[in-house]
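The data block below is data_0.cif; it holds mmCIF, C-alpha atoms and all ligand atoms.
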```
data_run
loop_
_atom_site.group_PDB
_atom_site.id
_atom_site.type_symbol
_atom_site.label_atom_id
_atom_site.label_comp_id
_atom_site.auth_asym_id
_atom_site.auth_seq_id
_atom_site.Cartn_x
_atom_site.Cartn_y
_atom_site.Cartn_z
ATOM 1 C CA MET A 1 6.902 -33.343 -6.676
ATOM 2 C CA ALA A 2 3.531 -34.576 -5.344
ATOM 3 C CA GLU A 3 1.157 -31.909 -3.976
ATOM 4 C CA PRO A 4 0.829 -32.064 -0.163
ATOM 5 C CA ALA A 5 -2.646 -33.283 0.798
ATOM 6 C CA ALA A 6 -3.108 -30.438 3.240
ATOM 7 C CA ILE A 7 -1.727 -26.972 3.794
ATOM 8 C CA LEU A 8 -0.799 -25.790 7.253
ATOM 9 C CA LEU A 9 -1.530 -22.146 8.043
ATOM 10 C CA LYS A 10 -0.594 -20.293 11.206
ATOM 11 C CA ILE A 11 -2.670 -17.132 11.562
ATOM 12 C CA ARG A 12 -2.364 -14.247 13.985
ATOM 13 C CA ARG A 13 -5.914 -13.417 14.987
ATOM 14 C CA ARG A 14 -7.599 -10.597 16.879
ATOM 15 C CA GLU A 15 -11.317 -10.264 17.528
ATOM 16 C CA ARG A 16 -11.477 -6.509 17.931
ATOM 17 C CA PRO A 17 -9.037 -3.626 17.460
ATOM 18 C CA ASP A 18 -8.512 -3.457 21.244
ATOM 19 C CA SER A 19 -8.437 -7.183 22.060
ATOM 20 C CA ARG A 20 -5.351 -9.349 22.585
ATOM 21 C CA PRO A 21 -3.959 -11.084 19.487
ATOM 22 C CA TYR A 22 -3.525 -14.874 19.527
ATOM 23 C CA TRP A 23 -2.260 -17.543 17.136
ATOM 24 C CA GLN A 24 -4.377 -20.274 15.605
ATOM 25 C CA GLU A 25 -3.364 -23.064 13.209
ATOM 26 C CA PHE A 26 -5.463 -24.418 10.380
ATOM 27 C CA SER A 27 -5.080 -27.328 8.014
ATOM 28 C CA VAL A 28 -6.887 -26.938 4.704
ATOM 29 C CA PRO A 29 -7.103 -29.268 1.682
ATOM 30 C CA ALA A 30 -4.507 -28.476 -0.972
ATOM 31 C CA ALA A 31 -5.502 -27.740 -4.559
ATOM 32 C CA PRO A 32 -3.400 -27.014 -7.664
ATOM 33 C CA ASN A 33 -2.509 -23.322 -8.190
ATOM 34 C CA MET A 34 -4.118 -22.375 -4.895
ATOM 35 C CA ASN A 35 -3.489 -18.856 -3.604
ATOM 36 C CA ILE A 36 -3.757 -17.571 -0.033
ATOM 37 C CA VAL A 37 -7.237 -16.132 -0.626
ATOM 38 C CA ALA A 38 -8.425 -19.598 -1.723
ATOM 39 C CA ALA A 39 -6.863 -21.132 1.407
ATOM 40 C CA LEU A 40 -8.662 -18.562 3.589
ATOM 41 C CA MET A 41 -11.920 -19.344 1.791
ATOM 42 C CA GLU A 42 -11.447 -23.007 2.743
ATOM 43 C CA ILE A 43 -11.314 -21.920 6.400
ATOM 44 C CA GLN A 44 -14.427 -19.805 5.834
ATOM 45 C CA LYS A 45 -16.266 -22.868 4.467
ATOM 46 C CA ASN A 46 -15.190 -25.107 7.346
ATOM 47 C CA PRO A 47 -14.063 -23.048 10.352
ATOM 48 C CA VAL A 48 -12.264 -25.643 12.474
ATOM 49 C CA ASP A 49 -8.673 -25.331 13.658
ATOM 50 C CA ALA A 50 -5.893 -27.817 12.920
ATOM 51 C CA ARG A 51 -6.947 -29.927 15.947
ATOM 52 C CA GLY A 52 -10.539 -30.137 14.714
ATOM 53 C CA ARG A 53 -12.020 -27.628 17.172
ATOM 54 C CA ALA A 54 -14.779 -25.330 15.896
ATOM 55 C CA THR A 55 -13.857 -21.669 15.683
ATOM 56 C CA VAL A 56 -15.041 -18.474 13.997
ATOM 57 C CA PRO A 57 -13.985 -17.917 10.359
ATOM 58 C CA VAL A 58 -10.885 -15.800 9.765
ATOM 59 C CA VAL A 59 -11.620 -12.259 8.558
ATOM 60 C CA TRP A 60 -9.571 -10.685 5.748
ATOM 61 C CA ASP A 61 -10.131 -8.131 3.024
ATOM 62 C CA CYS A 62 -10.025 -8.552 -0.748
ATOM 63 C CA ASN A 63 -11.664 -7.166 -3.819
ATOM 64 C CA CYS A 64 -10.081 -7.345 -7.295
ATOM 65 C CA LEU A 65 -8.311 -10.720 -6.905
ATOM 66 C CA GLU A 66 -5.740 -9.618 -9.494
ATOM 67 C CA GLU A 67 -3.242 -7.486 -7.551
ATOM 68 C CA VAL A 68 -4.824 -4.162 -8.441
ATOM 69 C CA CYS A 69 -6.772 -2.945 -5.383
ATOM 70 C CA GLY A 70 -4.245 -3.678 -2.624
ATOM 71 C CA ALA A 71 -7.018 -4.705 -0.196
ATOM 72 C CA CYS A 72 -5.711 -8.225 0.501
ATOM 73 C CA THR A 73 -2.241 -7.069 1.571
ATOM 74 C CA MET A 74 -0.946 -8.861 4.651
ATOM 75 C CA LEU A 75 2.298 -10.291 6.031
ATOM 76 C CA ILE A 76 2.838 -13.687 4.413
ATOM 77 C CA ASN A 77 5.782 -15.521 5.956
ATOM 78 C CA GLY A 78 6.941 -12.119 7.174
ATOM 79 C CA GLN A 79 6.730 -10.305 3.838
ATOM 80 C CA ALA A 80 4.100 -7.678 3.050
ATOM 81 C CA ARG A 81 2.391 -8.811 -0.142
ATOM 82 C CA GLN A 82 -0.984 -9.531 -1.705
ATOM 83 C CA ALA A 83 -2.810 -12.706 -0.672
ATOM 84 C CA CYS A 84 -4.456 -12.985 -4.104
ATOM 85 C CA SER A 85 -1.139 -13.312 -5.935
ATOM 86 C CA ALA A 86 0.691 -15.425 -3.326
ATOM 87 C CA LEU A 87 0.655 -19.015 -4.554
ATOM 88 C CA VAL A 88 0.657 -21.594 -1.793
ATOM 89 C CA GLU A 89 3.028 -23.924 -3.657
ATOM 90 C CA THR A 90 5.756 -21.256 -3.582
ATOM 91 C CA LEU A 91 5.566 -20.748 0.191
ATOM 92 C CA THR A 92 7.282 -22.537 3.058
ATOM 93 C CA GLN A 93 4.865 -24.209 5.488
ATOM 94 C CA PRO A 94 3.452 -23.577 7.960
ATOM 95 C CA ILE A 95 2.427 -20.434 6.080
ATOM 96 C CA VAL A 96 2.387 -17.640 8.646
ATOM 97 C CA LEU A 97 -0.224 -14.937 8.067
ATOM 98 C CA GLN A 98 -0.306 -11.704 10.039
ATOM 99 C CA PRO A 99 -1.975 -8.332 9.529
ATOM 100 C CA LEU A 100 0.154 -5.381 8.408
ATOM 101 C CA THR A 101 1.747 -3.666 11.394
ATOM 102 C CA LYS A 102 1.640 -0.033 10.234
ATOM 103 C CA PHE A 103 -2.161 0.209 10.101
ATOM 104 C CA PRO A 104 -4.846 -0.335 12.746
ATOM 105 C CA VAL A 105 -6.206 -3.881 12.799
ATOM 106 C CA VAL A 106 -9.956 -4.102 12.245
ATOM 107 C CA ARG A 107 -10.145 -7.854 12.830
ATOM 108 C CA ASP A 108 -7.797 -10.802 12.199
ATOM 109 C CA LEU A 109 -5.965 -10.039 8.906
ATOM 110 C CA MET A 110 -8.049 -7.006 7.949
ATOM 111 C CA VAL A 111 -6.512 -3.573 8.517
ATOM 112 C CA ASP A 112 -7.742 -0.037 8.027
ATOM 113 C CA ARG A 113 -5.655 1.752 5.355
ATOM 114 C CA GLN A 114 -7.697 4.951 5.598
ATOM 115 C CA SER A 115 -4.601 6.917 6.690
ATOM 116 C CA ILE A 116 -3.182 6.595 3.141
ATOM 117 C CA PHE A 117 -6.369 7.976 1.600
ATOM 118 C CA GLU A 118 -6.486 10.832 4.150
ATOM 119 C CA SER A 119 -2.896 11.715 3.255
ATOM 120 C CA LEU A 120 -3.727 11.647 -0.477
ATOM 121 C CA LYS A 121 -6.499 14.161 0.249
ATOM 122 C CA LYS A 122 -4.139 16.302 2.325
ATOM 123 C CA VAL A 123 -1.636 16.594 -0.545
ATOM 124 C CA ARG A 124 -4.396 17.061 -3.142
ATOM 125 C CA ALA A 125 -3.315 14.065 -5.220
ATOM 126 C CA TRP A 126 -5.597 14.780 -8.145
ATOM 127 C CA ILE A 127 -5.977 16.945 -11.246
ATOM 128 C CA GLN A 128 -7.995 20.029 -10.367
ATOM 129 C CA MET A 129 -10.788 20.516 -12.936
ATOM 130 C CA ASP A 130 -12.686 23.790 -13.294
ATOM 131 C CA GLY A 131 -16.091 22.458 -14.388
ATOM 132 C CA SER A 132 -17.081 19.702 -16.790
ATOM 133 C CA HIS A 133 -17.521 21.886 -19.893
ATOM 134 C CA ASP A 134 -15.349 21.424 -22.976
ATOM 135 C CA GLN A 135 -12.025 23.020 -22.116
ATOM 136 C CA GLY A 136 -10.402 22.344 -25.458
ATOM 137 C CA PRO A 137 -7.404 20.169 -26.185
ATOM 138 C CA GLY A 138 -5.143 19.519 -23.242
ATOM 139 C CA PRO A 139 -1.441 20.348 -23.184
ATOM 140 C CA ARG A 140 0.968 18.221 -25.189
ATOM 141 C CA VAL A 141 2.750 15.652 -23.048
ATOM 142 C CA SER A 142 6.015 14.128 -24.219
ATOM 143 C CA PRO A 143 6.209 10.315 -24.482
ATOM 144 C CA SER A 144 8.905 10.244 -21.787
ATOM 145 C CA LEU A 145 6.709 12.208 -19.357
ATOM 146 C CA GLN A 146 3.732 10.002 -20.208
ATOM 147 C CA ALA A 147 5.832 6.932 -19.428
ATOM 148 C CA TRP A 148 7.096 8.424 -16.150
ATOM 149 C CA THR A 149 3.683 9.448 -14.808
ATOM 150 C CA TYR A 150 2.221 6.128 -15.959
ATOM 151 C CA GLU A 151 4.811 4.290 -13.862
ATOM 152 C CA LEU A 152 3.740 6.245 -10.782
ATOM 153 C CA SER A 153 0.028 5.845 -11.585
ATOM 154 C CA ARG A 154 0.280 2.080 -11.007
ATOM 155 C CA CYS A 155 0.300 2.523 -7.216
ATOM 156 C CA MET A 156 -2.507 0.470 -5.648
ATOM 157 C CA THR A 157 -2.205 2.043 -2.144
ATOM 158 C CA CYS A 158 -1.415 -1.402 -0.769
ATOM 159 C CA GLY A 159 0.872 -0.122 1.995
ATOM 160 C CA CYS A 160 3.779 -2.545 1.378
ATOM 161 C CA CYS A 161 6.185 0.390 1.060
ATOM 162 C CA MET A 162 4.944 1.832 4.347
ATOM 163 C CA GLU A 163 5.330 -1.520 6.053
ATOM 164 C CA ALA A 164 8.996 -1.586 4.928
ATOM 165 C CA CYS A 165 9.753 2.041 5.771
ATOM 166 C CA PRO A 166 11.400 2.568 9.180
ATOM 167 C CA GLN A 167 10.258 6.191 9.175
ATOM 168 C CA VAL A 168 6.577 5.176 9.123
ATOM 169 C CA ASN A 169 5.855 4.358 12.747
ATOM 170 C CA GLY A 170 3.575 5.294 15.605
ATOM 171 C CA ARG A 171 5.943 8.039 16.810
ATOM 172 C CA SER A 172 6.217 9.822 13.456
ATOM 173 C CA PRO A 173 3.699 11.785 11.384
ATOM 174 C CA PHE A 174 5.529 10.730 8.147
ATOM 175 C CA ILE A 175 2.957 10.252 5.375
ATOM 176 C CA GLY A 176 5.130 7.686 3.620
ATOM 177 C CA PRO A 177 6.567 7.026 0.164
ATOM 178 C CA ALA A 178 3.363 6.106 -1.701
ATOM 179 C CA VAL A 179 1.725 9.476 -1.056
ATOM 180 C CA LEU A 180 4.925 11.433 -1.746
ATOM 181 C CA ALA A 181 5.275 9.628 -5.084
ATOM 182 C CA GLN A 182 1.762 10.747 -6.025
ATOM 183 C CA VAL A 183 2.716 14.346 -5.255
ATOM 184 C CA ARG A 184 5.593 13.992 -7.694
ATOM 185 C CA ARG A 185 3.299 12.351 -10.264
ATOM 186 C CA PHE A 186 0.690 15.122 -10.257
ATOM 187 C CA ASN A 187 3.278 17.916 -10.057
ATOM 188 C CA ALA A 188 5.165 16.484 -13.038
ATOM 189 C CA HIS A 189 2.063 16.462 -15.228
ATOM 190 C CA PRO A 190 1.119 19.752 -16.952
ATOM 191 C CA LEU A 191 -2.542 19.293 -15.967
ATOM 192 C CA GLY A 192 -1.597 18.931 -12.316
ATOM 193 C CA GLU A 193 0.594 22.022 -12.201
ATOM 194 C CA SER A 194 -2.131 24.512 -11.255
ATOM 195 C CA ILE A 195 -2.064 23.417 -7.597
ATOM 196 C CA ARG A 196 1.586 22.377 -7.529
ATOM 197 C CA ALA A 197 2.488 24.970 -4.870
ATOM 198 C CA GLU A 198 -0.300 23.732 -2.557
ATOM 199 C CA ARG A 199 0.957 20.164 -2.861
ATOM 200 C CA LEU A 200 4.522 21.219 -2.154
ATOM 201 C CA ARG A 201 3.500 23.227 0.904
ATOM 202 C CA ALA A 202 1.667 20.143 2.208
ATOM 203 C CA VAL A 203 4.838 18.026 2.067
ATOM 204 C CA MET A 204 7.349 20.632 3.253
ATOM 205 C CA GLY A 205 6.340 20.505 6.926
ATOM 206 C CA PRO A 206 6.412 17.796 9.591
ATOM 207 C CA GLY A 207 5.499 14.391 8.174
ATOM 208 C CA GLY A 208 6.611 15.441 4.700
ATOM 209 C CA ILE A 209 9.575 14.744 2.453
ATOM 210 C CA THR A 210 12.240 15.768 4.978
ATOM 211 C CA ASP A 211 11.158 12.889 7.238
ATOM 212 C CA CYS A 212 12.351 10.383 4.610
ATOM 213 C CA GLY A 213 15.570 8.731 5.786
ATOM 214 C CA LYS A 214 16.493 7.693 2.201
ATOM 215 C CA ALA A 215 17.019 4.026 3.132
ATOM 216 C CA GLN A 216 15.190 2.986 -0.071
ATOM 217 C CA ASN A 217 13.488 -0.015 1.560
ATOM 218 C CA CYS A 218 10.260 1.233 0.007
ATOM 219 C CA GLU A 219 11.241 0.677 -3.619
ATOM 220 C CA ARG A 220 12.419 -2.872 -2.898
ATOM 221 C CA ALA A 221 9.139 -3.661 -1.122
ATOM 222 C CA CYS A 222 6.802 -2.330 -3.828
ATOM 223 C CA PRO A 223 5.033 -5.184 -5.651
ATOM 224 C CA LYS A 224 4.396 -2.861 -8.597
ATOM 225 C CA GLN A 225 8.080 -1.862 -8.816
ATOM 226 C CA LEU A 226 7.258 1.831 -8.633
ATOM 227 C CA PRO A 227 10.416 3.956 -9.054
ATOM 228 C CA LEU A 228 10.001 5.415 -5.566
ATOM 229 C CA THR A 229 13.646 6.391 -5.073
ATOM 230 C CA ARG A 230 13.620 8.583 -8.176
ATOM 231 C CA ALA A 231 10.204 10.045 -7.302
ATOM 232 C CA LEU A 232 11.301 10.968 -3.787
ATOM 233 C CA ALA A 233 14.635 12.407 -4.991
ATOM 234 C CA GLU A 234 12.855 14.554 -7.595
ATOM 235 C CA LEU A 235 10.306 15.710 -5.034
ATOM 236 C CA ASN A 236 13.076 16.581 -2.606
ATOM 237 C CA ARG A 237 14.751 18.775 -5.250
ATOM 238 C CA GLU A 238 11.402 20.323 -6.122
ATOM 239 C CA THR A 239 10.693 21.314 -2.514
ATOM 240 C CA ILE A 240 14.184 22.821 -2.115
ATOM 241 C CA THR A 241 13.734 24.925 -5.269
ATOM 242 C CA HIS A 242 10.249 25.907 -4.150
ATOM 243 C CA GLY A 243 11.579 26.895 -0.719
ATOM 244 C CA LEU A 244 14.237 29.100 -2.320
ATOM 245 C CA PHE A 245 12.336 30.626 -5.219
ATOM 246 C CA GLY A 246 8.645 29.788 -4.612
ATOM 247 C CA TRP A 247 7.938 33.353 -3.416
ATOM 248 C CA LEU A 248 8.619 34.536 -6.982
ATOM 249 C CA SER A 249 5.512 32.699 -8.232
ATOM 250 C CA ARG A 250 3.150 33.918 -5.456
HETATM 251 S S1 LIG B 1 13.572 5.944 1.225
HETATM 252 FE FE1 LIG B 1 13.486 4.869 3.209
HETATM 253 S S2 LIG B 1 12.762 6.428 4.661
HETATM 254 FE FE2 LIG B 1 12.325 7.189 2.597
HETATM 255 S S3 LIG B 1 10.266 6.534 2.213
HETATM 256 FE FE3 LIG B 1 11.598 4.924 1.358
HETATM 257 S S4 LIG B 1 11.834 3.424 3.017
HETATM 258 FE FE4 LIG B 1 10.972 5.289 3.921
HETATM 259 S S1 LIG B 2 4.050 2.584 -3.925
HETATM 260 FE FE1 LIG B 2 3.998 0.366 -4.299
HETATM 261 S S2 LIG B 2 4.134 -0.532 -2.250
HETATM 262 FE FE2 LIG B 2 3.585 1.595 -1.968
HETATM 263 S S3 LIG B 2 1.380 1.613 -1.818
HETATM 264 FE FE3 LIG B 2 1.903 1.973 -3.982
HETATM 265 S S4 LIG B 2 1.915 -0.036 -4.943
HETATM 266 FE FE4 LIG B 2 1.957 -0.375 -2.739
HETATM 267 S S1 LIG B 3 -7.702 -8.624 -3.914
HETATM 268 FE FE1 LIG B 3 -7.044 -6.773 -4.882
HETATM 269 S S2 LIG B 3 -4.899 -6.878 -4.704
HETATM 270 FE FE2 LIG B 3 -5.556 -8.781 -3.896
#
```

As a first step, turn the structure in this file into structure tokens.
Amino acid sequence: MAEPAAILLKIRRRERPDSRPYWQEFSVPAAPNMNIVAALMEIQKNPVDARGRATVPVVWDCNCLEEVCGACTMLINGQARQACSALVETLTQPIVLQPLTKFPVVRDLMVDRQSIFESLKKVRAWIQMDGSHDQGPGPRVSPSLQAWTYELSRCMTCGCCMEACPQVNGRSPFIGPAVLAQVRRFNAHPLGESIRAERLRAVMGPGGITDCGKAQNCERACPKQLPLTRALAELNRETITHGLFGWLSR
């Protein structure tokens, strides 16, 4: 099939976080193997709309350009995914681009995902180290546990799972599946165990694991295929056991 000479994009724009959104259409020259970032760069080079009127370039975020950082995540034809890995030739036109809806819009397609990073801090999603001196060999970790924690480590905090989750909304303090999965990851690892109880306490209250409605939309939406359903189920069991017997370890 011959490449179309031009690509039609329909973009939901917003100048400031508090200004009214509006739609604008753009026609950009097609190129083989073009992705959405490349199409947006064409608009940046020549900021005129589809009717030839001059406008300001569209703002979006990106960094790694290889589906690792999550920064370029947006709604592409209604689906939350990364602009750097979305090939134009696989998409129905006009290609509709919108910012994610579960995060504050900074401008146009750029959103502020800081809430995910704040939640990761709240649940202490890290290995606590007591100094940088030689602490000897670490604990032995079975291959199956290595494989399991590796799976969860591939999260790129893109927010696709939060976009798909009905429980993540403006009326709920739910921290969402990505952060809960990281709690499970660090609690499962022997090096993360020292502050396991703190992490569990952080997800046992409002906004924590009990706010999950178990619809499993999150796992289907994850571009990295993280096993979120298993992670959330394991974390749920862990919090129940901790609630019943955690006082024994205080
Ligand atoms: S299982 Fe459903 S409610 Fe729970 S985090 Fe995933 S999408 Fe949200
Ligand atoms: S769990 Fe998947 S969808 Fe959610 S933030 Fe991580 S990589 Fe993105
Ligand atoms: S630019 Fe990093 S995921 Fe697309």

Pick out the residues sitting within 6 Å of Arg14 in chain A, and hand them over as a ChimeraX atom specification; count all atoms listed in the file, and ignore anything fewer than 2 positions along from it in its own chain.
/A:16,21,107-108

Return as a PyMOL selection string the set of residues that the PyMOL selection byres (((chain A and resi 215) around 10) and not hetatm) yields on the displayed structure.
chain A and resi 164-167+212-214+216-219+229

Could you take the residues named above and write them with C-alpha atoms, as an mmCIF file, in the frame of the given file?
```cif
data_model
loop_
_atom_site.group_PDB
_atom_site.id
_atom_site.type_symbol
_atom_site.label_atom_id
_atom_site.label_comp_id
_atom_site.auth_asym_id
_atom_site.auth_seq_id
_atom_site.Cartn_x
_atom_site.Cartn_y
_atom_site.Cartn_z
ATOM 1 C CA ALA A 164 8.996 -1.586 4.928
ATOM 2 C CA CYS A 165 9.753 2.041 5.771
ATOM 3 C CA PRO A 166 11.400 2.568 9.180
ATOM 4 C CA GLN A 167 10.258 6.191 9.175
ATOM 5 C CA CYS A 212 12.351 10.383 4.610
ATOM 6 C CA GLY A 213 15.570 8.731 5.786
ATOM 7 C CA LYS A 214 16.493 7.693 2.201
ATOM 8 C CA GLN A 216 15.190 2.986 -0.071
ATOM 9 C CA ASN A 217 13.488 -0.015 1.560
ATOM 10 C CA CYS A 218 10.260 1.233 0.007
ATOM 11 C CA GLU A 219 11.241 0.677 -3.619
ATOM 12 C CA THR A 229 13.646 6.391 -5.073
#
```

Chain A near ligand LIG 3 (chain B) within 8 Å: what's each residue's closest atom pair and its distance in Å to one decimal, counting all atoms listed in the file, ordered by chain then ascending residue number, as JSON lines?
```
{"residue": "A:Asp61", "atom": "CA", "partner": "B:LIG3", "partner_atom": "S1", "distance": 7.4}
{"residue": "A:Cys62", "atom": "CA", "partner": "B:LIG3", "partner_atom": "S1", "distance": 3.9}
{"residue": "A:Asn63", "atom": "CA", "partner": "B:LIG3", "partner_atom": "S1", "distance": 4.2}
{"residue": "A:Cys64", "atom": "CA", "partner": "B:LIG3", "partner_atom": "FE1", "distance": 3.9}
{"residue": "A:Leu65", "atom": "CA", "partner": "B:LIG3", "partner_atom": "S1", "distance": 3.7}
{"residue": "A:Glu66", "atom": "CA", "partner": "B:LIG3", "partner_atom": "FE1", "distance": 5.6}
{"residue": "A:Glu67", "atom": "CA", "partner": "B:LIG3", "partner_atom": "S2", "distance": 3.3}
{"residue": "A:Val68", "atom": "CA", "partner": "B:LIG3", "partner_atom": "S2", "distance": 4.6}
{"residue": "A:Cys69", "atom": "CA", "partner": "B:LIG3", "partner_atom": "FE1", "distance": 3.9}
{"residue": "A:Gly70", "atom": "CA", "partner": "B:LIG3", "partner_atom": "S2", "distance": 3.9}
{"residue": "A:Ala71", "atom": "CA", "partner": "B:LIG3", "partner_atom": "FE1", "distance": 5.1}
{"residue": "A:Cys72", "atom": "CA", "partner": "B:LIG3", "partner_atom": "FE2", "distance": 4.4}
{"residue": "A:Thr73", "atom": "CA", "partner": "B:LIG3", "partner_atom": "FE2", "distance": 6.6}
{"residue": "A:Gln82", "atom": "CA", "partner": "B:LIG3", "partner_atom": "FE2", "distance": 5.1}
{"residue": "A:Ala83", "atom": "CA", "partner": "B:LIG3", "partner_atom": "FE2", "distance": 5.8}
{"residue": "A:Cys84", "atom": "CA", "partner": "B:LIG3", "partner_atom": "FE2", "distance": 4.4}
{"residue": "A:Ser85", "atom": "CA", "partner": "B:LIG3", "partner_atom": "FE2", "distance": 6.6}
{"residue": "A:Met156", "atom": "CA", "partner": "B:LIG3", "partner_atom": "S2", "distance": 7.8}
{"residue": "A:Cys158", "atom": "CA", "partner": "B:LIG3", "partner_atom": "S2", "distance": 7.6}
```

Just want the residues within 12 Å of ligand LIG 2 (chain B), written as a ChimeraX atom specification, counting all atoms listed in the file.
/A:67-74,79-82,113,115-117,120,151-165,175-183,185,216-229,231-232

Could you tell me how far CA of Pro104 in chain A lies from CA of Gly207 in chain A, in Å and to one decimal?
18.6 Å

Any chance you could work out the residue set of the PyMOL selection byres (((chain A and resi 52) around 12) and not hetatm) here, as a PyMOL selection string?
chain A and resi 24-28+43+46-51+53-55

Mind working out the centre and edge lengths of an axis-aligned box for ligand LIG 1 (chain B), all listed atoms inside, 4 Å added to each side, rounded to one decimal in Å and written as lines of an AutoDock Vina configuration file?
```
center_x = 11.9
center_y = 5.3
center_z = 2.9
size_x = 11.3
size_y = 11.8
size_z = 11.4
```

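Checking A:Pro173, A:Pro190, A:Pro206, A:Gly131 one by one against Leu145 in chain A, counting all atoms listed in the file, you find the shortest gap at A:Pro190.
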
The residue from A:Val59, A:Arg12, A:Arg199, A:Thr101 with the smallest atom-to-atom distance to Gly170 in chain A, counting all atoms listed in the file, is A:Thr101

Applying 8 Å and only C-alpha atoms, which residues near range 127-130 of chain A remain after dropping the ones on its own chain fewer than 3 positions away? List them as a list of chain:residue names.
A:Phe186, A:Leu191, A:Gly192, A:Ser194, A:Ile195

Would you please work out which residue, of A:Arg184, A:Glu238, A:Val105, A:Tyr150, is nearest to Asp18 in chain A when using only C-alpha atoms?
A:Val105
